[in-house]
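upload.cif, holding mmCIF, C-alpha atoms:
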data_protein
loop_
_atom_site.label_atom_id
_atom_site.label_comp_id
_atom_site.auth_asym_id
_atom_site.auth_seq_id
_atom_site.Cartn_x
_atom_site.Cartn_y
_atom_site.Cartn_z
CA MET E 1 43.46 -121.86 -18.33
CA PRO E 2 43.21 -120.53 -21.93
CA HIS E 3 42.54 -123.07 -24.65
CA ARG E 4 45.83 -124.65 -25.68
CA SER E 5 45.07 -124.72 -29.41
CA SER E 6 44.35 -120.98 -29.62
CA ILE E 7 47.46 -120.11 -27.60
CA SER E 8 49.67 -122.37 -29.69
CA SER E 9 48.18 -120.87 -32.83
CA ARG E 10 49.01 -117.32 -31.72
CA TRP E 11 52.56 -118.32 -30.87
CA LEU E 12 53.02 -120.07 -34.21
CA THR E 13 51.80 -116.95 -35.99
CA GLY E 14 54.83 -115.06 -34.69
CA LEU E 15 57.27 -117.91 -35.27
CA SER E 16 56.07 -118.60 -38.79
CA ALA E 17 56.09 -114.89 -39.64
CA LEU E 18 59.67 -114.83 -38.45
CA ALA E 19 60.65 -117.71 -40.71
CA ILE E 20 58.99 -116.15 -43.74
CA GLY E 21 60.43 -112.74 -42.90
CA VAL E 22 63.96 -114.05 -42.65
CA ALA E 23 63.56 -115.92 -45.93
CA THR E 24 62.42 -112.71 -47.61
CA VAL E 25 65.40 -110.85 -46.22
CA ALA E 26 67.94 -113.43 -47.26
CA GLN E 27 66.61 -113.32 -50.80
CA ALA E 28 66.19 -109.56 -51.05
CA GLU E 29 69.05 -108.71 -48.65
CA ALA E 30 66.97 -105.94 -47.10
CA GLY E 31 64.25 -105.39 -44.49
CA THR E 32 63.70 -107.04 -41.09
CA ALA E 33 62.53 -110.46 -40.00
CA THR E 34 59.40 -109.03 -38.40
CA ASP E 35 58.11 -107.45 -41.64
CA ALA E 36 56.30 -110.54 -42.88
CA ALA E 37 52.95 -111.67 -41.53
CA THR E 38 50.95 -114.87 -41.80
CA GLU E 39 48.06 -116.50 -40.00
CA TRP E 40 47.54 -119.93 -38.49
CA THR E 41 43.78 -120.16 -37.97
CA GLN E 42 43.81 -123.43 -36.07
CA VAL E 43 46.16 -126.00 -34.60
CA LEU E 44 44.20 -129.22 -34.29
CA ASN E 45 46.48 -130.98 -31.83
CA ASN E 46 49.93 -130.94 -30.30
CA GLY E 47 51.17 -133.50 -32.79
CA GLU E 48 50.53 -131.04 -35.60
CA LEU E 49 52.14 -128.31 -33.51
CA VAL E 50 55.30 -130.41 -33.15
CA SER E 51 55.46 -130.74 -36.93
CA LEU E 52 54.97 -127.00 -37.50
CA VAL E 53 57.61 -126.09 -34.92
CA GLY E 54 60.06 -128.40 -36.62
CA GLN E 55 59.35 -126.92 -40.04
CA SER E 56 59.70 -123.34 -38.78
CA GLY E 57 62.91 -124.16 -36.93
CA GLU E 58 64.38 -125.77 -40.03
CA GLN E 59 63.47 -122.72 -42.12
CA ILE E 60 65.15 -120.38 -39.65
CA GLN E 61 68.26 -122.55 -39.52
CA ASN E 62 68.48 -122.56 -43.31
CA GLN E 63 68.13 -118.79 -43.48
CA LEU E 64 70.76 -118.27 -40.79
CA THR E 65 73.09 -120.38 -42.93
CA GLN E 66 72.33 -118.20 -45.97
CA ILE E 67 72.90 -115.01 -43.97
CA SER E 68 76.22 -116.38 -42.69
CA GLN E 69 77.27 -117.25 -46.24
CA LEU E 70 76.39 -113.74 -47.38
CA ALA E 71 78.54 -112.28 -44.59
CA GLN E 72 81.42 -114.49 -45.71
CA GLN E 73 81.02 -113.30 -49.30
CA ILE E 74 81.07 -109.67 -48.18
CA GLU E 75 84.13 -110.34 -46.01
CA THR E 76 85.96 -111.82 -48.99
CA GLN E 77 84.94 -109.01 -51.34
CA LEU E 78 86.01 -106.29 -48.90
CA ASN E 79 89.39 -107.97 -48.61
CA ILE E 80 89.78 -107.78 -52.37
CA TYR E 81 88.96 -104.06 -52.28
CA GLN E 82 91.55 -103.55 -49.54
CA ASN E 83 94.23 -105.18 -51.68
CA LEU E 84 93.26 -103.03 -54.67
CA LEU E 85 93.34 -99.86 -52.59
CA GLN E 86 96.92 -100.55 -51.50
CA ASN E 87 97.98 -100.13 -55.14
CA THR E 88 95.93 -97.05 -55.98
CA ALA E 89 95.41 -93.54 -54.61
CA THR E 90 91.69 -94.15 -54.09
CA LEU E 91 89.16 -96.60 -55.45
CA PRO E 92 87.29 -95.20 -58.47
CA SER E 93 83.73 -94.05 -57.90
CA TYR E 94 82.13 -96.98 -59.72
CA MET E 95 84.06 -99.43 -57.54
CA TRP E 96 83.36 -97.47 -54.37
CA GLY E 97 79.68 -97.72 -55.22
CA LYS E 98 80.04 -101.51 -54.92
CA VAL E 99 81.77 -101.06 -51.57
CA GLU E 100 78.89 -98.93 -50.34
CA SER E 101 76.43 -101.60 -51.46
CA ASP E 102 78.36 -104.35 -49.66
CA LEU E 103 78.64 -102.35 -46.45
CA ASN E 104 74.95 -101.48 -46.54
CA ARG E 105 74.10 -105.15 -47.00
CA LEU E 106 76.35 -105.87 -44.01
CA ARG E 107 74.37 -103.36 -41.95
CA SER E 108 71.21 -105.22 -42.98
CA ILE E 109 72.75 -108.52 -41.84
CA VAL E 110 73.36 -107.04 -38.40
CA ASP E 111 69.70 -105.96 -38.29
CA GLN E 112 68.63 -109.49 -39.18
CA GLY E 113 70.56 -110.96 -36.29
CA GLN E 114 68.92 -108.55 -33.87
CA SER E 115 65.44 -109.27 -35.25
CA ILE E 116 65.88 -113.02 -35.07
CA SER E 117 67.25 -112.77 -31.55
CA PHE E 118 64.27 -110.70 -30.41
CA SER E 119 61.68 -112.90 -32.11
CA MET E 120 63.07 -116.21 -30.85
CA GLY E 121 63.50 -114.84 -27.33
CA ASN E 122 59.91 -113.57 -27.43
CA ALA E 123 58.64 -117.00 -28.51
CA ASP E 124 60.35 -118.56 -25.49
CA ASP E 125 58.97 -115.87 -23.19
CA VAL E 126 55.39 -116.37 -24.42
CA LEU E 127 55.56 -120.13 -23.87
CA GLN E 128 56.93 -119.68 -20.37
CA GLN E 129 54.10 -117.30 -19.50
CA ARG E 130 51.34 -119.44 -21.01
CA PHE E 131 52.41 -122.96 -20.06
CA GLN E 132 53.66 -123.91 -16.61
CA SER E 133 54.89 -127.26 -17.90
CA TYR E 134 57.14 -125.44 -20.39
CA ALA E 135 58.41 -123.04 -17.73
CA ASN E 136 59.32 -126.00 -15.53
CA LEU E 137 61.24 -127.77 -18.26
CA LYS E 138 64.97 -127.57 -17.52
CA THR E 139 67.38 -126.62 -20.28
CA ASN E 140 71.03 -127.37 -20.88
CA LEU E 141 71.90 -123.68 -20.88
CA PRO E 142 74.50 -122.47 -18.36
CA ASN E 143 73.07 -121.65 -14.94
CA ALA E 144 69.61 -122.77 -16.10
CA ALA E 145 69.24 -119.49 -18.01
CA SER E 146 66.14 -119.03 -20.15
CA PHE E 147 66.38 -118.69 -23.90
CA THR E 148 64.90 -115.21 -23.51
CA SER E 149 67.84 -114.01 -21.42
CA THR E 150 70.36 -115.93 -23.52
CA TYR E 151 69.18 -114.30 -26.75
CA GLN E 152 69.30 -110.93 -25.01
CA THR E 153 72.90 -111.61 -23.99
CA TRP E 154 73.72 -112.59 -27.57
CA SER E 155 72.16 -109.37 -28.85
CA ASP E 156 73.95 -107.17 -26.31
CA THR E 157 77.30 -108.84 -27.00
CA ASN E 158 76.90 -108.44 -30.74
CA ARG E 159 76.03 -104.74 -30.45
CA ASP E 160 78.88 -104.08 -28.01
CA THR E 161 81.40 -105.84 -30.25
CA ILE E 162 80.34 -103.82 -33.28
CA ALA E 163 80.41 -100.60 -31.27
CA SER E 164 83.96 -101.38 -30.10
CA THR E 165 85.08 -102.04 -33.67
CA LEU E 166 83.60 -98.74 -34.84
CA LYS E 167 85.04 -96.84 -31.88
CA ALA E 168 88.53 -98.14 -32.65
CA ALA E 169 88.17 -96.51 -36.07
CA SER E 170 86.88 -93.24 -34.53
CA LEU E 171 83.35 -94.03 -35.70
CA THR E 172 80.08 -94.41 -33.81
CA ALA E 173 77.21 -96.85 -34.01
CA ASP E 174 74.88 -93.97 -34.92
CA GLN E 175 76.76 -93.51 -38.18
CA PHE E 176 75.69 -96.98 -39.28
CA ASP E 177 72.30 -97.42 -37.61
CA SER E 178 70.27 -96.72 -40.76
CA GLU E 179 70.72 -96.86 -44.51
CA GLU E 180 70.67 -93.06 -44.75
CA ASN E 181 73.36 -92.63 -42.08
CA THR E 182 75.44 -95.42 -43.57
CA MET E 183 75.41 -93.92 -47.03
CA SER E 184 76.18 -90.43 -45.68
CA THR E 185 79.12 -91.74 -43.65
CA LEU E 186 80.53 -93.75 -46.54
CA ARG E 187 80.28 -90.83 -48.95
CA ALA E 188 82.33 -88.72 -46.57
CA MET E 189 84.91 -91.51 -46.13
CA SER E 190 85.20 -92.06 -49.88
CA GLU E 191 86.93 -88.71 -50.37
CA THR E 192 90.34 -89.93 -49.16
CA ALA E 193 92.34 -93.14 -49.40
CA ASP E 194 92.63 -93.23 -45.61
CA GLY E 195 88.88 -92.91 -45.26
CA GLN E 196 88.27 -95.64 -47.80
CA MET E 197 90.76 -97.98 -46.13
CA LYS E 198 89.24 -97.35 -42.71
CA ALA E 199 85.75 -98.18 -44.00
CA LEU E 200 87.01 -101.36 -45.66
CA GLN E 201 88.86 -102.50 -42.55
CA VAL E 202 85.90 -101.86 -40.29
CA GLY E 203 83.54 -103.60 -42.70
CA HIS E 204 85.85 -106.59 -43.05
CA GLU E 205 86.09 -107.01 -39.27
CA ILE E 206 82.34 -106.67 -38.71
CA ALA E 207 81.63 -109.17 -41.50
CA SER E 208 83.98 -111.64 -39.83
CA GLN E 209 82.24 -111.08 -36.50
CA GLN E 210 78.83 -111.72 -38.02
CA VAL E 211 79.92 -115.04 -39.48
CA ALA E 212 80.88 -116.17 -35.97
CA GLN E 213 77.78 -114.66 -34.36
CA MET E 214 75.40 -116.32 -36.82
CA GLN E 215 77.04 -119.66 -36.04
CA LYS E 216 76.31 -119.06 -32.34
CA MET E 217 72.74 -118.11 -33.21
CA ARG E 218 72.28 -121.35 -35.12
CA GLY E 219 73.36 -123.25 -32.04
CA LEU E 220 70.84 -121.38 -29.87
CA VAL E 221 67.99 -121.93 -32.33
CA SER E 222 68.86 -125.64 -32.54
CA GLN E 223 68.74 -125.96 -28.76
CA GLN E 224 65.48 -124.07 -28.57
CA MET E 225 63.78 -126.12 -31.27
CA THR E 226 64.90 -129.35 -29.58
CA MET E 227 63.51 -128.17 -26.26
CA MET E 228 60.21 -127.05 -27.77
CA GLY E 229 59.82 -130.34 -29.62
CA THR E 230 60.54 -132.33 -26.46
CA TRP E 231 58.00 -130.32 -24.49
CA LEU E 232 55.27 -130.61 -27.11
CA GLN E 233 55.79 -134.36 -27.46
CA THR E 234 55.64 -134.74 -23.68
CA GLU E 235 52.43 -132.75 -23.57
CA GLN E 236 50.87 -135.00 -26.21
CA THR E 237 52.06 -138.14 -24.44
CA ASP E 238 50.55 -136.96 -21.16
CA LYS E 239 47.30 -136.14 -22.93
CA ASP E 240 47.15 -139.57 -24.59
CA LEU E 241 47.92 -141.29 -21.28
CA ALA E 242 45.19 -139.38 -19.47
CA GLN E 243 42.71 -140.30 -22.21
CA ALA E 244 43.67 -143.97 -22.00
CA ARG E 245 43.19 -143.94 -18.22
CA ARG E 246 39.78 -142.33 -18.56
CA GLU E 247 38.69 -144.92 -21.11
CA LYS E 248 39.96 -147.74 -18.94
CA PHE E 249 38.23 -146.36 -15.83
CA PHE E 250 34.85 -145.82 -17.45
CA GLY E 251 35.13 -149.07 -19.37
CA ALA E 252 35.69 -150.98 -16.13
CA THR E 253 32.86 -149.34 -14.17
CA ALA E 254 30.20 -149.08 -16.85
CA PRO E 255 27.24 -151.45 -16.35
CA SER E 256 27.19 -154.44 -18.62
CA THR E 257 24.79 -154.24 -21.55
CA SER E 258 24.99 -157.90 -22.60
CA GLY E 259 25.21 -161.32 -21.00
CA GLY E 260 24.47 -162.18 -17.39
CA GLU E 261 21.32 -163.53 -15.80
CA ARG E 262 18.00 -162.01 -16.79
CA MET E 263 16.15 -160.25 -14.01
CA LYS E 264 13.07 -162.16 -12.83
CA VAL E 265 10.07 -160.82 -11.02
CA GLU E 266 9.59 -162.61 -7.69
CA TRP E 267 6.15 -162.72 -6.05
#

Show this structure as structure tokens.
Amino acid sequence: MPHRSSISSRWLTGLSALAIGVATVAQAEAGTATDAATEWTQVLNNGELVSLVGQSGEQIQNQLTQISQLAQQIETQLNIYQNLLQNTATLPSYMWGKVESDLNRLRSIVDQGQSISFSMGNADDVLQQRFQSYANLKTNLPNAASFTSTYQTWSDTNRDTIASTLKAASLTADQFDSEENTMSTLRAMSETADGQMKALQVGHEIASQQVAQMQKMRGLVSQQMTMMGTWLQTEQTDKDLAQARREKFFGATAPSTSGGERMKVEW
């Protein structure tokens, strides 16, 4: 079996890079959670690993909260633009530029959700492959589903919901799958009041969806971190117990080095 410290270190590299990547995104509102990279050269013991998992999980939870708050802000702002558009022929170019910026940030938020889902599912998958004790640990997920499959379901549902929203507005996911396509689509829609209103309505609905989806993601991450912490603590407890038994066994069977009757030579 591979050395536990080196395996745990490799897994933490990905998890910690994820946490740093998400933090970078929330602050810059651009990029993906897998952009950042960091190295953990050594994990001395499972106790330290428990601490690092907890810290990384807390970071991710905090960043999911920030992303959700950003989605709420965009939702509110797009609603304001909708109300303004009802009283004007079209939004002026300087104001539409702000709309484009908000909708592009919203596209980035969707990307963040997908990246986090993939990274957290991958972390669960790696642990299941490397540690039989982790694979055997039961979860509270419906039908004993793994976190890997649950994150995949979350990702698929989120994409399908967005695609349905776009389709209802005669748009496609391809038109918003990159910054270039998003900007091109929005420029075309900005030419008419109907186009502007459609973009605002779609953006408002997707922003609302992302607020709800990020809340679900936070719940999944919380469950996963709890499970990982429980497993790691159990592993350490088992290790400590085995060590105590070894010490007791060898202590009981070792020959005495003091006391007792001195050996005499008999002729």

Got a sec: who's within 12 Å of Asn158 of chain E, counting all atoms listed in the file, leaving out chain neighbours fewer than 3 positions off, as a compact mmCIF listing (two decimals) with C-alpha atoms, in the frame of the given file?
# COMPACT_ATOMS: atom_id res chain seq x y z
CA ILE E 109 72.75 -108.52 -41.84
CA VAL E 110 73.36 -107.04 -38.40
CA ASP E 111 69.70 -105.96 -38.29
CA GLN E 112 68.63 -109.49 -39.18
CA GLY E 113 70.56 -110.96 -36.29
CA GLN E 114 68.92 -108.55 -33.87
CA SER E 117 67.25 -112.77 -31.55
CA TYR E 151 69.18 -114.30 -26.75
CA GLN E 152 69.30 -110.93 -25.01
CA THR E 153 72.90 -111.61 -23.99
CA TRP E 154 73.72 -112.59 -27.57
CA SER E 155 72.16 -109.37 -28.85
CA THR E 161 81.40 -105.84 -30.25
CA ILE E 162 80.34 -103.82 -33.28
CA ALA E 163 80.41 -100.60 -31.27
CA SER E 164 83.96 -101.38 -30.10
CA THR E 165 85.08 -102.04 -33.67
CA ILE E 206 82.34 -106.67 -38.71
CA ALA E 207 81.63 -109.17 -41.50
CA SER E 208 83.98 -111.64 -39.83
CA GLN E 209 82.24 -111.08 -36.50
CA GLN E 210 78.83 -111.72 -38.02
CA VAL E 211 79.92 -115.04 -39.48
CA ALA E 212 80.88 -116.17 -35.97
CA GLN E 213 77.78 -114.66 -34.36
CA MET E 214 75.40 -116.32 -36.82
CA LYS E 216 76.31 -119.06 -32.34
CA MET E 217 72.74 -118.11 -33.21

Point-to-point distance from atom CA of Gly121 of chain E to atom CA of Leu103 of chain E, Å rounded to tenths: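 Result for atom CA of Gly121 of chain E versus atom CA of Leu103 of chain E: 27.4 Å, one decimal.
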
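The shortest atom-to-atom distance to Gln82 of chain E, with all atoms listed in the file taken into account, belongs to E:His204 out of E:His204, E:Lys98, E:Arg218, E:Arg105.
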
All residues 7 Å or closer to Ala71 of chain E, all atoms listed in the file, same chain fewer than 2 positions away omitted, as a VMD selection string: chain E and resid 67 to 69 73 to 75 106 207 210 to 211

- request: Name the residues captured by the PyMOL selection byres ((chain E and resi 168-172) around 10) when it is applied to the shown file; answer as a list in words.
  value: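 This file, filtered by the PyMOL selection byres ((chain E and resi 168-172) around 10), leaves Ile162, Ala163, Ser164, Thr165, Leu166, Lys167, Ala173, Asp174, Gln175, Phe176, Asp177, Thr185, Gly195, Lys198, Ala199, Gln201 and Val202 of chain E.
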
field: Distance in Å - atom CA of Phe118 of chain E versus atom CA of Ser184 of chain E
entry: 28.0 Å

- prompt: Quick one: of E:Ser56, E:Ser190, E:Asn62, E:Asn79, who's nearest to Glu205 of chain E, counting all atoms listed in the file?
  reply: E:Asn79

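Atom CA of Gln196 of chain E to atom CA of Gln66 of chain E spans 27.7 Å [interatomic distance, one decimal].
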